[in-house]
Amino acid sequence: MARRLKQTATRSRGEREFLSEAEEILERMRDDLGVCLERASSGDEFAPDVLNRLFRSAHSLKGLSGMFGLEVLAELAHKVEDLLDAWRLGRSQPTPERFALLEESVALFGRALEQLAAGAIATEFAAAVAELNGRIDAARSAPPVAPPAAQDVLDAPAALLRTLTEYEEHRLRESLARGRGIYVITVAFALASFEERLSEISSALREVGELLSTLPSPGAGGPGEIRFALLAATELDAAALAARLELEPSAVHAARAPRASANTPAAAAAVSEPTPSNAPPQANASPADASVAAPREPAPAADAATLRSVSDTVRVDIRKLDELMNLVGELAIERGALSAFARKLAGDPASVRLGAELEKIHKALDRKLQELQASVIDVRMVPLRQVFDKLARVAKRLRLDLHKDARLELAGADTELDKLIVEELVDPLMHIVRNAFDHALETPEERAAAGKPSEGVIRIEATQRGNDVVITVADDGRGIDTERVRAKAVERGLIAAAAQLSQRELLDLVFAPGLSTRGEVTETSGRGVGMDVVRSNVAALGGLAAIESRLGAGTTVTLTLPITLAIIQALIVGVGAERYAIPLNSVREVLIADPASLQRSGSRELFALRGDALPVLRLRDEFGVTSGAAAAKPFAVILGLGDARLALLVDRLDGQRDAVIKPMQGPISSVRGIAGATELGEQSAVLVLDIAALVTSAQRAEAA
Amino acid sequence: MSNAASSWDVLARAAATREAAASETRALRELLVFSIDGAPYALPIERIREIVRPRALTPVPHVPSAVLGVISLRGEILQVLDTRRRLGLAAVASARASRVIVLNGEDGRVTGLLVDAVHEVLRVEESALLPPTNADGGLITGLAPRGAGFVSLISPEQLVELDASAA
């Protein structure tokens, strides 16, 4: 959080906006280029939807650059747009050489953004653009391909075919050439709900083939109904298509039946890995898209729906949300003061009625405040998809660079987390995935020798559990050899040669600074920065990193994170004269610690909880509190983070409060066991406990 | 330039040059003077954000003893340093401390400094500053004349530079 405070607005707002938006568009283009490349290498045709998106991205970049007076960039984007336009209309074919030009352009654009972020675009940049533009022009002037067979093979109303745009016509020819069936699907929907229904049927069509055009259709519809004719290409036959779309067979008219040898059942598309390209552009899509795509061609209704949702989106600087969050937090604190005052009034016989009335008002205010808080938190939530997309791209690159045959499986991309947490997660996750590729997965030969399928699998899965989000990264690689870890740790002086460590404790050493499990240093995983950084980054977010591994079978890294950092529900506990706040999401239960349930075990203490033995931490001792006398029957706050549990002993419970966690500013940047501090309404600071650190240190004490 | 210039012109020009020189080379230093145990000390005024009355201090575990704890200042949480201890003076049982000087750090982080009393803002010509008499761990960087005596100039950077291990 201190890092955020340091962010200074050195660049103008306009520049910042340009950079963030252009960067977003470029990211999407890189994604799409990757998809194209993959399809090209497997011999498939270029996906028309991907080409279209690339084209729109280039168009957006052009407009954006022009708007900010960056003529050189606008020109480059314009050339790229032209090139893509020619491809999508079938006027020229994408060849590997031309494709390389596209990649080069995107890379050049990326460099320009980097230079711009650092100050200004270097002057020699214009020359590089001019040179590339020349080559793009040369590539584009190559002779166009002859248009394939005409459309008179189609049994479809001529009126319908006449209304097709150049692009749609090109797609129709392409589909014919590939032997797909061409269908005219006629549907009628109630005016009130047609957008929704049309978008359902459109996306169903896209799953089994391609939606070529959507046209309003005249003719006998019922009152309050609207009719559409959808022109679609698919390898399914008419009956199967009707069944798939849940329509009467009569609604589907075959303009041309599919060639019998249609190769793969289109349903296979549904089981393929969820590529980012299939994801509809959500809140992160640039609003510029809307102004670009709409006037070009009659956009299919599903697209129109998406575009509408995009233009409903407002971009907000996360810092503004922070401010808002702080305000809400402070409001919650004021509310606390109001409540205390109401109780005081009610306690005095002279004003007991006024007090009761004020308490009622306070209750109503409290309810509204909670709603406000919930919706502000909700605004900050973004799906993990953004991070997953980045990981997918990295994985693609690593697969090529490292010559490892591996597949990245992603699940739970819709799981939502606080925007700030999502951003801070990119690096740790990237590191874990790199590690998995570089160290965990064996070479194809090694895998064959071990009797595993040659293709390795790295599976990233996110799920929400209460107030936590759990992200696991699992690979089916060689697993971690704990004996090698032990040898390394002894060599580095991290543990004594004779140390008795359990399997789990040995694995946990992977998170110790300066321990790398493979001897050699590689470019991919680098050196020095290791899992210790992953653990500390995750801990800084109030989360926990854990690892499990079976030799020969694979490794799973589990990250447990709070959904939001902004406002937390906190349990206030007291020790002597001091009070501390414990994030409620890590409190499993609170009990009165009967002396009989506390037991010494060597130098440590255990708490017996329903047949389980939990490590005990006496907060008084941990923090060296000297005021007051320790309670004879302390409270045991059972903390849990991931699978780890700890019984924290405190003198008192002081209730539950809302807390905005603030960093402790000053010379000491971090304190063991303290996540920050909060104000609870009496102008006094209360320290917030760092549960991850306490739980980890208790585990380490166990192991020592 | 020429004899034609009136004496007023000459004066005005001289004043302008002096002002320009002052702002360019910062020959004039503005210092906030405060006292601890009756002795005056000073910090550059441009590093002071505000001066507040002491408020409830919350002790923080596992920190060097020079960190007295944290206070909440309009929702901001800042660490407060025992300036007396940082200057190597013996701790006094009955703290006469009356003010907290809020210091702006170079990295944007602020720190509170507990002092006995805050006095005036002192303007001193750079050229009038004297070097420190001995090595005070680099904390005192010079002496500035004040009345018949001197005020010790403290380096704000050195003041907040704590050895985290020295608990």
# chains A, B, ... in the order shown; residues from 1 in each chain; ligands from 1
>>> interface_residues(of="chain B", to="chain A", cutoff="12 Å", atoms="only C-alpha atoms", output="PyMOL selection string")
chain B and resi 54-81+102-113+156-167
>>> write_last_selection(atoms="C-alpha atoms", output="mmCIF file, in the first residue's frame")
data_model
loop_
_atom_site.group_PDB
_atom_site.id
_atom_site.type_symbol
_atom_site.label_atom_id
_atom_site.label_comp_id
_atom_site.auth_asym_id
_atom_site.auth_seq_id
_atom_site.Cartn_x
_atom_site.Cartn_y
_atom_site.Cartn_z
ATOM 1 C CA PRO B 54 0.814 14.670 21.141
ATOM 2 C CA ARG B 55 -2.039 12.190 21.076
ATOM 3 C CA ALA B 56 -2.594 8.608 22.196
ATOM 4 C CA LEU B 57 0.427 6.564 21.225
ATOM 5 C CA THR B 58 -0.055 2.938 20.285
ATOM 6 C CA PRO B 59 3.084 0.898 21.020
ATOM 7 C CA VAL B 60 4.377 -1.314 18.211
ATOM 8 C CA PRO B 61 6.180 -4.591 18.963
ATOM 9 C CA HIS B 62 9.452 -5.714 17.407
ATOM 10 C CA VAL B 63 10.719 -2.216 16.510
ATOM 11 C CA PRO B 64 13.817 -0.285 17.607
ATOM 12 C CA SER B 65 13.279 1.533 20.907
ATOM 13 C CA ALA B 66 13.574 4.916 19.184
ATOM 14 C CA VAL B 67 10.134 4.213 17.694
ATOM 15 C CA LEU B 68 7.701 5.153 20.447
ATOM 16 C CA GLY B 69 4.675 3.864 18.583
ATOM 17 C CA VAL B 70 2.112 5.027 16.073
ATOM 18 C CA ILE B 71 -0.468 7.781 16.148
ATOM 19 C CA SER B 72 -3.507 8.372 14.000
ATOM 20 C CA LEU B 73 -3.541 11.757 12.346
ATOM 21 C CA ARG B 74 -6.781 12.369 10.461
ATOM 22 C CA GLY B 75 -6.867 8.735 9.417
ATOM 23 C CA GLU B 76 -3.188 8.528 8.515
ATOM 24 C CA ILE B 77 -1.101 6.258 10.684
ATOM 25 C CA LEU B 78 2.422 7.446 11.396
ATOM 26 C CA GLN B 79 5.317 6.259 13.456
ATOM 27 C CA VAL B 80 6.550 8.636 16.132
ATOM 28 C CA LEU B 81 10.240 8.769 17.002
ATOM 29 C CA VAL B 102 5.408 15.877 11.331
ATOM 30 C CA LEU B 103 8.306 15.423 8.941
ATOM 31 C CA ASN B 104 7.871 14.810 5.234
ATOM 32 C CA GLY B 105 10.111 11.955 4.121
ATOM 33 C CA GLU B 106 11.905 11.950 0.780
ATOM 34 C CA ASP B 107 9.932 8.886 -0.284
ATOM 35 C CA GLY B 108 6.592 10.492 0.585
ATOM 36 C CA ARG B 109 6.272 8.718 3.906
ATOM 37 C CA VAL B 110 5.795 10.937 6.916
ATOM 38 C CA THR B 111 7.230 10.490 10.393
ATOM 39 C CA GLY B 112 6.329 12.095 13.698
ATOM 40 C CA LEU B 113 9.090 13.517 15.933
ATOM 41 C CA PRO B 156 16.217 14.812 8.557
ATOM 42 C CA GLU B 157 17.494 11.873 6.501
ATOM 43 C CA GLN B 158 19.845 10.701 9.232
ATOM 44 C CA LEU B 159 17.198 11.214 11.876
ATOM 45 C CA VAL B 160 14.785 8.731 10.329
ATOM 46 C CA GLU B 161 17.491 6.304 9.273
ATOM 47 C CA LEU B 162 17.009 3.585 11.870
ATOM 48 C CA ASP B 163 18.879 0.373 12.141
ATOM 49 C CA ALA B 164 15.957 -2.039 12.170
ATOM 50 C CA SER B 165 17.954 -4.641 14.070
ATOM 51 C CA ALA B 166 18.752 -2.285 16.960
ATOM 52 C CA ALA B 167 15.689 -3.102 19.009
#
>>> select_by_dssp(residues="segment 66-150 of chain B", states="strand (DSSP E or B)", output="ChimeraX atom specification")
/B:67-73,76-82,99-104,110-115,117-125,130,140-146,149-150
>>> residues_around(residues="Arg259 of chain A", least_positions_apart="6", cutoff="8 Å", atoms="only C-alpha atoms", output="PyMOL selection string")
chain A and resi 179-181+235
>>> write_last_selection(atoms="N, CA and C atoms", output="PDB file, in the first residue's frame")
ATOM      1  N   GLY A 179     -16.724 -26.514 -47.958  1.00  0.00           N
ATOM      2  CA  GLY A 179     -17.725 -27.580 -47.968  1.00  0.00           C
ATOM      3  C   GLY A 179     -18.677 -27.558 -46.790  1.00  0.00           C
ATOM      4  N   ARG A 180     -18.814 -26.420 -46.153  1.00  0.00           N
ATOM      5  CA  ARG A 180     -19.747 -26.357 -45.028  1.00  0.00           C
ATOM      6  C   ARG A 180     -21.169 -26.187 -45.536  1.00  0.00           C
ATOM      7  N   GLY A 181     -22.101 -26.584 -44.706  1.00  0.00           N
ATOM      8  CA  GLY A 181     -23.483 -26.361 -45.053  1.00  0.00           C
ATOM      9  C   GLY A 181     -23.830 -24.902 -44.831  1.00  0.00           C
ATOM     10  N   GLU A 235     -20.824 -27.290 -40.198  1.00  0.00           N
ATOM     11  CA  GLU A 235     -20.646 -28.629 -40.745  1.00  0.00           C
ATOM     12  C   GLU A 235     -21.768 -29.560 -40.301  1.00  0.00           C
TER      13      GLU A 235
END
>>> closest_residue(among="A:Leu116, A:Ile572, A:Val328, A:Leu83", to="Gln370 of chain A", atoms="only C-alpha atoms")
A:Val328
>>> select_by_dssp(residues="segment 49-167 of chain B", states="alpha helix (DSSP H)", output="list in words")
Thr83, Arg84, Arg85, Arg86, Pro156, Glu157, Gln158 and Leu159 of chain B
>>> write_last_selection(atoms="N, CA and C atoms", output="PDB file, in the first residue's frame")
ATOM      1  N   THR B  83      12.815  11.693  19.659  1.00  0.00           N
ATOM      2  CA  THR B  83      13.924  12.508  19.160  1.00  0.00           C
ATOM      3  C   THR B  83      15.046  12.554  20.199  1.00  0.00           C
ATOM      4  N   ARG B  84      14.643  12.619  21.458  1.00  0.00           N
ATOM      5  CA  ARG B  84      15.632  12.649  22.540  1.00  0.00           C
ATOM      6  C   ARG B  84      16.589  11.461  22.423  1.00  0.00           C
ATOM      7  N   ARG B  85      16.002  10.288  22.274  1.00  0.00           N
ATOM      8  CA  ARG B  85      16.813   9.081  22.198  1.00  0.00           C
ATOM      9  C   ARG B  85      17.676   9.060  20.933  1.00  0.00           C
ATOM     10  N   ARG B  86      17.088   9.572  19.842  1.00  0.00           N
ATOM     11  CA  ARG B  86      17.854   9.611  18.590  1.00  0.00           C
ATOM     12  C   ARG B  86      19.072  10.508  18.731  1.00  0.00           C
ATOM     13  N   PRO B 156      17.459  15.607   8.485  1.00  0.00           N
ATOM     14  CA  PRO B 156      16.217  14.812   8.557  1.00  0.00           C
ATOM     15  C   PRO B 156      16.409  13.382   8.046  1.00  0.00           C
ATOM     16  N   GLU B 157      17.271  13.221   7.041  1.00  0.00           N
ATOM     17  CA  GLU B 157      17.494  11.873   6.501  1.00  0.00           C
ATOM     18  C   GLU B 157      18.112  10.959   7.562  1.00  0.00           C
ATOM     19  N   GLN B 158      19.155  11.505   8.221  1.00  0.00           N
ATOM     20  CA  GLN B 158      19.845  10.701   9.232  1.00  0.00           C
ATOM     21  C   GLN B 158      18.914  10.404  10.406  1.00  0.00           C
ATOM     22  N   LEU B 159      18.073  11.355  10.715  1.00  0.00           N
ATOM     23  CA  LEU B 159      17.198  11.214  11.876  1.00  0.00           C
ATOM     24  C   LEU B 159      16.259  10.014  11.726  1.00  0.00           C
TER      25      LEU B 159
END
>>> residues_around(residues="Leu143 of chain B", least_positions_apart="4", cutoff="10 Å", atoms="only C-alpha atoms", output="ChimeraX atom specification")
/B:41-42,128-133,149-154
>>> residues_around(residues="Ser597 of chain A", least_positions_apart="6", cutoff="10 Å", atoms="only C-alpha atoms", output="ChimeraX atom specification")
/A:606-610,613
>>> atom_distance(atom1="atom CA of Val208 of chain A", atom2="atom CA of Ala156 of chain A")
20.6 Å
